[in-house]
Amino acid sequence: MARIRVHELAKELKINSKELIARLRQMGYAVKNHMSTLDERDVLKIKKSLTAPHIETKNARQPQKKSADKAEIKENDFRKRALARKEEQRQRKEQNQRKILAKVAAHPHHSRGRKKRRDASRNTDEMGAERKKIVIGDQITVQELANILHVSGSEVITKLIALGVMASLNQLIDSDTATLVAAEFGVDVEVRDDSQELEALLEDVPDKPEDLEPRPPVITVMGHVDHGKTSLLDYIRHTNVTATEAGGITQHIGAYQIEVRGKKITFLDTPGHEAFTAMRARGAQVTDIAVLVVAADDGVMPQTVEAINHAKAAGVPIVVAVNKIDKPGANAERVKQQLAEHGIVPEEWGGDNICVPVSAKTGAGIDQLLEMLLLVAEMEELKANPNCPARGTVIEAQLDKGRGPVATVLIQKGTLKVGDIILAGTACGKVRAMQDYKGRRIKKASPGTPVEILGLSEVPEAGDLFYVVKDEKLARQIVEKRQEKKRLSESAGPDKVTLEDLFKQIQEGKVKELNLVVKADVQGSVEALIQALSKLSTDEVRINIIHSGVGAITETDVMLASASNALVIGFNVRPDANAKKTAESQQVEIRLYRVIYEAIDDVKAALEGLLEPIYKEVPVGRAEVREIFHIPKVGVVAGCYVSEGKVIRNGKVRVVRDGVVIYDGTIASLKRFKDDAREVVQGHECGIGLDRFQDLKPGDILEGYQIEELKRELKPLLRGD
Ligand SMILES: Nc1nc2c(ncn2[C@@H]2O[C@H](COP(=O)(O)OP(=O)(O)OP(=O)(O)O)[C@@H](O)[C@H]2O)c(=O)[nH]1
């Protein structure tokens with residue numbers, strides 16, 4: 001089925017992409033940005049619903065509104081729509097209430113009071129005369145859905161299983177799935193996610209070309225250990241910053257700026273591709289140009305290759321500084337040759353990469369290097385609009401005893417001013433004070449500038465994006481929603497590609513490239529794997545080996561995979577302890593193999609959709625109901641005999657009467673004599689209470705079961721080890 005991108009549809013509908021995205025999200029479509037795709041069927045539905053007249057259009061047509069400021073209308077659009085919806089909902093609720101009361105009034109027993117009235121309303125629902133409606137966000141945990149549906153968690157899980165979705169109580173399900181489940185209970189769902197509407201307010205609006213002005217490039221220095229990254233950064237700082245400033249740098253922040261022939265260059269002060277990729281893994285892209293430092297006496301080393309691949313994966317241009325040329329054993333030509341083998345071809349050899357021989361010790365070549373950075377910046381046409389509310393990225397942040405949360409931020413567009421209301425991650429506040437990299441108090445900061453700010457409510461994380469927003473109330477609302485989301489999604493983890501769900505994501509158009517990081521014990525295996533895996537590319541999805549190397553899987557490999565949404569394939573190697581930990585926290589899939597063709601087969605099977613996980617119901621035990629007790633306030637408890645296996649409290653259970661399943665739910669209470677028991681094994685008697693089921697009879701059979709995800713017959717150990 002043909003797919004259309006959101007921005008194309010927006011163009012067709014003559015509205016801007018941002019507005020369309022917000023509308024689509026309100027309608028329950030999980031669109032990420034203007035490049036997200038929609039299938040034809042959805043497009044038809046969307047067109048139909050968006051071209052239908054709605055409240056705002058009506059209002060806009062009223063003559064008295066004509067004079068209203070269009071820009072203001074747009075700005076308040078989301079709020080207005082939310083208010084209109086709320087009002088509509090309130091009216092509907094009132095209407096329903098009236099209907100229900102009218103029905104209750106017609107009911108002969110209505111005078112019996114409240115309880116009856118509640119029952120009456122429930123009956124009306126059950127009869128289908130009035131369908132209940134619930135309002136949910138774009139995702140919800142199984143337990144929360146069960147709560148608002150007033151059913152047990154296990155009932156929701158059972159419905160989910162029937163829909164082919166395996167989820168535990170704490171797991172998040174999307175609104176589409178929740179809608180299907182609710183429908184099973186005769187309940188309609190309205191999907192309304194304020195947080196998305198709020199977040200949409202933060203979305204970047206593309207600037208008009210005439211508003212853009214050149215901004216300083218932001219540079220990260222990378223390279224193998226001891227090749228001179230820190231020395232180079234220090235040399236540049238001292239010759240270009242300290243020497244001109246009496247007293248030098250009083251306040252050291254995570255980045256600094258220099259000026260070359262009146263043009264500024266911003267250097268990030270944490271060298272190395274690890275920090276660079278860690279930021280990227282958080283969704284922040286701050287670096288414009290990578291300076292790859294290679295010691296001329298040592299040549300290309302493993303971390304040089306890593307740095308190259310990390311920069312390439314980020315699509316950042318690389319300028320090579322061939323360092324230590326003052327040393328006797330220096331051989332810049334050999335370095336260039338080695339670099340060419342890794343796809344970094346010097347300009348003088350017809351390639352794209354500028355290589356500058358330098359010495360961080362004597363300073364030779366450094367001016368030329370800076371000139372070259374400006375040249376590349378010019379070619380990259382690095383521009384930003386300085387005249388809009390500021391936004392950018394947190395470079396580093398910490399809690400200062402005296403000053404509270406302190407964050408170094410890089411302004412990426414707009415101008416940040418003292419007094420602005422900003423939010424970053426789950427922190428917000430008013431900018432109380434700003435300092436530049438020299439520790440000087442400043443009142444405003446323009447794009448490309450690193451500044452240290454005070455005034456945030458908590459310490460944000462490096463890599464958090466920051467935004468200036470209109471008012472503190474809005475900032476707090478967004479932060480609250482984010483905190484809520486964070487709490488909810490902690491159990492679910494981020495949406496990463498796994499081999500298991502690769503096919504699904506390909507089908508949904510979410511994945512067009514499968515990025516892989518390949519590690520093996522020897523170079524021969526690395527090459528064999530790369531060759532065979534690369535050949536698996538299909539029309540739908542391209543296999544992209546973003547990094548490969550010999551040796552254990554490291555934390556850096558995992559961060560790179562996380563930043564690039566890649567899987568890690570290890571052949572005869574293991575992840576080290578940090579890599580394992582990071583893989584867990586970042587939800588990166590590491591697949592380990594001992595036979596090359598198994599790795600190939602797996603990826604192939606995943607591409608063809610043959611790697612679907614398999615779920616199986618596993619019996620746990622059986623109990624027979626011998627006697628029924630009616631216990632006041634508790635309800636029905638069945639005196640049972642465990643005839644097979646065991647019975648587990650909170651376990652799933654089915655009630656079978658005369659071979660027919662009459663209940664499917666959860667064991668709510670389990671007692672052995674008078675005491676609560678976690679489980680009761682075969683040959684013992686126990687008391688069992690079921691969740692929301694009272695109709696037990698002697699002779700009923702209780703069948704306990706569990707749902708297990710079957711590991712496929714994969715030899716390798718998956719995800720960690
Ligand atoms: N002769 C000479 N020595 C250099 C040059 N650049 C750096 N060094 C020396 O090389 C060693 C390592 O330099 P660093 O700047 O610490 O290297 P690095 O890449 O930052 O190292 P890590 O932070 O450990 O990754 C130090 O002893 C420096 O003095 C250079 O251009 N010439």
# chains A, B, ... in the order shown; residues from 1 in each chain; ligands from 1
>>> select_by_dssp(residues="range 374-474 of chain A", states="helix (DSSP H, G or I)", output="JSON, numbers by chain")
{"A": [374, 375, 376, 377, 378, 379, 380, 472, 473, 474]}
>>> write_last_selection(atoms="C-alpha atoms", output="short mmCIF file (atom, residue, chain, number, x, y, z; two decimals), in the first residue's frame")
data_model
loop_
_atom_site.label_atom_id
_atom_site.label_comp_id
_atom_site.auth_asym_id
_atom_site.auth_seq_id
_atom_site.Cartn_x
_atom_site.Cartn_y
_atom_site.Cartn_z
CA LEU A 374 35.94 27.82 9.45
CA LEU A 375 36.08 26.73 5.84
CA VAL A 376 34.15 23.52 6.54
CA ALA A 377 31.67 25.53 8.63
CA GLU A 378 31.16 27.83 5.69
CA MET A 379 30.60 24.90 3.36
CA GLU A 380 28.14 23.41 5.79
CA GLU A 472 6.04 29.35 34.00
CA LYS A 473 2.67 27.64 34.24
CA LEU A 474 3.08 26.07 30.82
#
>>> closest_atom_pairs(of="chain A", to="ligand 1", cutoff="7 Å", atoms="only C-alpha atoms and all ligand atoms", output="tab-separated table")
residue	atom	partner	partner_atom_place_in_ligand_line	distance
A:Gly223	CA	ligand 1	19 (O)	6.3
A:His224	CA	ligand 1	19 (O)	6.1
A:Val225	CA	ligand 1	25 (O)	3.5
A:Asp226	CA	ligand 1	21 (O)	3.5
A:His227	CA	ligand 1	19 (O)	4.1
A:Gly228	CA	ligand 1	17 (O)	3.3
A:Lys229	CA	ligand 1	20 (O)	3.7
A:Thr230	CA	ligand 1	20 (O)	3.6
A:Ser231	CA	ligand 1	15 (O)	3.5
A:Leu232	CA	ligand 1	15 (O)	6.3
A:Asn323	CA	ligand 1	31 (O)	5.1
A:Lys324	CA	ligand 1	31 (O)	3.3
A:Ile325	CA	ligand 1	31 (O)	6.3
A:Asp326	CA	ligand 1	32 (N)	5.7
A:Lys327	CA	ligand 1	1 (N)	5.2
A:Val358	CA	ligand 1	31 (O)	6.6
A:Ser359	CA	ligand 1	31 (O)	3.4
A:Ala360	CA	ligand 1	31 (O)	3.7
A:Lys361	CA	ligand 1	31 (O)	4.3
A:Thr362	CA	ligand 1	31 (O)	6.7
>>> closest_residue(among="A:Asn572, A:Ser154, A:Thr449, A:Thr141", to="Asp174 in chain A", atoms="only C-alpha atoms")
A:Thr141
>>> closest_residue(among="A:Leu160, A:Val661, A:Ala311, A:Ile395", to="Ala462 in chain A", atoms="only C-alpha atoms")
A:Ile395
>>> residues_around(residues="Ala577 in chain A", least_positions_apart="5", cutoff="9 Å", atoms="only C-alpha atoms", output="list in words")
Thr554, Glu555 and Thr582 of chain A
>>> write_last_selection(atoms="C-alpha atoms", output="tab-separated table (two decimals), in the first residue's frame")
chain	number	residue	atom	x	y	z
A	554	THR	CA	32.20	-2.42	24.96
A	555	GLU	CA	29.97	0.21	26.47
A	582	THR	CA	24.29	-0.15	29.42
>>> residues_around(residues="Leu516 in chain A", least_positions_apart="4", cutoff="8 Å", atoms="only C-alpha atoms", output="list in words")
Ile543, Asn544, Ile545, Ile546, His547, Ala561, Ala566, Leu567, Val568 and Ile569 of chain A
>>> residues_around(residues="Val637 in chain A", least_positions_apart="4", cutoff="12 Å", atoms="only C-alpha atoms", output="PyMOL selection string")
chain A and resi 625-633+667-671+686-698
>>> write_last_selection(atoms="C-alpha atoms", output="compact mmCIF listing (two decimals), in the first residue's frame")
# COMPACT_ATOMS: atom_id res chain seq x y z
CA VAL A 625 -13.96 -27.18 44.48
CA ARG A 626 -15.32 -29.26 47.36
CA GLU A 627 -17.27 -26.77 49.43
CA ILE A 628 -18.48 -23.19 49.16
CA PHE A 629 -18.32 -20.66 52.00
CA HIS A 630 -20.04 -17.32 52.02
CA ILE A 631 -17.91 -15.04 54.13
CA PRO A 632 -19.37 -11.66 55.07
CA LYS A 633 -17.55 -8.72 53.45
CA ILE A 667 -6.87 -16.03 42.07
CA ALA A 668 -7.43 -13.09 44.38
CA SER A 669 -7.01 -14.85 47.70
CA LEU A 670 -5.41 -18.08 48.76
CA LYS A 671 -5.51 -19.45 52.28
CA CYS A 686 -6.93 -24.62 50.59
CA GLY A 687 -9.42 -21.78 50.39
CA ILE A 688 -9.55 -19.93 47.08
CA GLY A 689 -11.26 -16.63 46.31
CA LEU A 690 -11.50 -15.49 42.71
CA ASP A 691 -11.25 -11.95 41.46
CA ARG A 692 -14.73 -10.65 40.68
CA PHE A 693 -16.33 -14.06 40.44
CA GLN A 694 -18.71 -15.39 43.04
CA ASP A 695 -20.54 -18.09 41.19
CA LEU A 696 -18.44 -21.08 42.24
CA LYS A 697 -20.06 -24.44 42.90
CA PRO A 698 -18.84 -27.72 44.33
>>> select_by_dssp(residues="range 398-429 of chain A", states="strand (DSSP E)", output="PDB file with N, CA and C atoms, in the first residue's frame")
ATOM      1  N   GLN A 398      25.261  20.208  36.954  1.00  0.00           N
ATOM      2  CA  GLN A 398      25.518  19.649  38.281  1.00  0.00           C
ATOM      3  C   GLN A 398      24.852  20.491  39.347  1.00  0.00           C
ATOM      4  N   LEU A 399      24.821  19.930  40.557  1.00  0.00           N
ATOM      5  CA  LEU A 399      24.239  20.663  41.671  1.00  0.00           C
ATOM      6  C   LEU A 399      25.372  21.382  42.393  1.00  0.00           C
ATOM      7  N   ASP A 400      25.273  22.675  42.447  1.00  0.00           N
ATOM      8  CA  ASP A 400      26.286  23.471  43.144  1.00  0.00           C
ATOM      9  C   ASP A 400      25.735  23.811  44.525  1.00  0.00           C
ATOM     10  N   GLY A 404      22.815  26.097  43.620  1.00  0.00           N
ATOM     11  CA  GLY A 404      21.723  25.225  43.181  1.00  0.00           C
ATOM     12  C   GLY A 404      22.056  24.560  41.859  1.00  0.00           C
ATOM     13  N   PRO A 405      21.041  24.085  41.116  1.00  0.00           N
ATOM     14  CA  PRO A 405      21.329  23.425  39.845  1.00  0.00           C
ATOM     15  C   PRO A 405      21.995  24.390  38.860  1.00  0.00           C
ATOM     16  N   VAL A 406      23.110  23.949  38.294  1.00  0.00           N
ATOM     17  CA  VAL A 406      23.861  24.761  37.341  1.00  0.00           C
ATOM     18  C   VAL A 406      23.977  23.955  36.058  1.00  0.00           C
ATOM     19  N   ALA A 407      23.634  24.565  34.944  1.00  0.00           N
ATOM     20  CA  ALA A 407      23.704  23.823  33.683  1.00  0.00           C
ATOM     21  C   ALA A 407      24.471  24.617  32.645  1.00  0.00           C
ATOM     22  N   THR A 408      25.359  23.918  31.920  1.00  0.00           N
ATOM     23  CA  THR A 408      25.980  24.551  30.763  1.00  0.00           C
ATOM     24  C   THR A 408      25.161  24.155  29.561  1.00  0.00           C
ATOM     25  N   VAL A 409      24.648  25.141  28.862  1.00  0.00           N
ATOM     26  CA  VAL A 409      23.815  24.833  27.705  1.00  0.00           C
ATOM     27  C   VAL A 409      24.431  25.441  26.458  1.00  0.00           C
ATOM     28  N   LEU A 410      24.150  24.797  25.338  1.00  0.00           N
ATOM     29  CA  LEU A 410      24.589  25.348  24.064  1.00  0.00           C
ATOM     30  C   LEU A 410      23.343  25.880  23.361  1.00  0.00           C
ATOM     31  N   ILE A 411      23.373  27.167  23.047  1.00  0.00           N
ATOM     32  CA  ILE A 411      22.216  27.750  22.356  1.00  0.00           C
ATOM     33  C   ILE A 411      22.287  27.318  20.895  1.00  0.00           C
ATOM     34  N   GLN A 412      21.233  26.725  20.379  1.00  0.00           N
ATOM     35  CA  GLN A 412      21.276  26.283  18.991  1.00  0.00           C
ATOM     36  C   GLN A 412      20.448  27.155  18.064  1.00  0.00           C
ATOM     37  N   LYS A 413      19.421  27.780  18.619  1.00  0.00           N
ATOM     38  CA  LYS A 413      18.759  28.835  17.848  1.00  0.00           C
ATOM     39  C   LYS A 413      18.119  29.813  18.806  1.00  0.00           C
ATOM     40  N   LEU A 416      18.997  33.492  24.130  1.00  0.00           N
ATOM     41  CA  LEU A 416      18.584  33.237  25.518  1.00  0.00           C
ATOM     42  C   LEU A 416      18.877  34.479  26.346  1.00  0.00           C
ATOM     43  N   LYS A 417      17.873  34.879  27.139  1.00  0.00           N
ATOM     44  CA  LYS A 417      18.058  36.091  27.944  1.00  0.00           C
ATOM     45  C   LYS A 417      17.818  35.792  29.411  1.00  0.00           C
ATOM     46  N   ILE A 421      11.872  32.032  30.726  1.00  0.00           N
ATOM     47  CA  ILE A 421      11.409  30.806  31.375  1.00  0.00           C
ATOM     48  C   ILE A 421      11.892  29.657  30.512  1.00  0.00           C
ATOM     49  N   ILE A 422      12.651  28.734  31.111  1.00  0.00           N
ATOM     50  CA  ILE A 422      13.128  27.632  30.280  1.00  0.00           C
ATOM     51  C   ILE A 422      12.755  26.297  30.898  1.00  0.00           C
ATOM     52  N   LEU A 423      12.745  25.292  30.034  1.00  0.00           N
ATOM     53  CA  LEU A 423      12.576  23.950  30.558  1.00  0.00           C
ATOM     54  C   LEU A 423      13.538  23.027  29.846  1.00  0.00           C
ATOM     55  N   ALA A 424      14.071  22.050  30.593  1.00  0.00           N
ATOM     56  CA  ALA A 424      15.034  21.095  30.057  1.00  0.00           C
ATOM     57  C   ALA A 424      14.780  19.769  30.741  1.00  0.00           C
ATOM     58  N   ALA A 427      13.327  19.507  34.266  1.00  0.00           N
ATOM     59  CA  ALA A 427      13.636  20.696  35.069  1.00  0.00           C
ATOM     60  C   ALA A 427      13.051  21.917  34.379  1.00  0.00           C
ATOM     61  N   CYS A 428      12.622  22.896  35.169  1.00  0.00           N
ATOM     62  CA  CYS A 428      12.188  24.144  34.563  1.00  0.00           C
ATOM     63  C   CYS A 428      12.517  25.285  35.502  1.00  0.00           C
ATOM     64  N   GLY A 429      12.319  26.495  35.053  1.00  0.00           N
ATOM     65  CA  GLY A 429      12.608  27.645  35.905  1.00  0.00           C
ATOM     66  C   GLY A 429      12.894  28.883  35.097  1.00  0.00           C
TER      67      GLY A 429
END
>>> residues_around(residues="Ile530 in chain A", least_positions_apart="3", cutoff="8 Å", atoms="only C-alpha atoms", output="PyMOL selection string")
chain A and resi 518+526-527+533-534+545
>>> write_last_selection(atoms="C-alpha atoms", output="PDB file, in the first residue's frame")
ATOM      1  CA  VAL A 518      29.465  -6.148  14.525  1.00  0.00           C
ATOM      2  CA  VAL A 526      34.522  -9.597  11.190  1.00  0.00           C
ATOM      3  CA  GLU A 527      35.031  -9.446   7.451  1.00  0.00           C
ATOM      4  CA  LEU A 533      25.251  -9.593   6.382  1.00  0.00           C
ATOM      5  CA  SER A 534      25.572  -6.794   3.842  1.00  0.00           C
ATOM      6  CA  ILE A 545      27.090  -1.978   9.333  1.00  0.00           C
TER       7      ILE A 545
END
>>> closest_residue(among="A:Ile15, A:Ala397, A:Val656, A:Ile134", to="Glu190 in chain A", atoms="only C-alpha atoms")
A:Ile134
>>> closest_residue(among="A:Gly455, A:Ile258, A:Ala182, A:Leu13", to="Ser49 in chain A", atoms="only C-alpha atoms")
A:Leu13
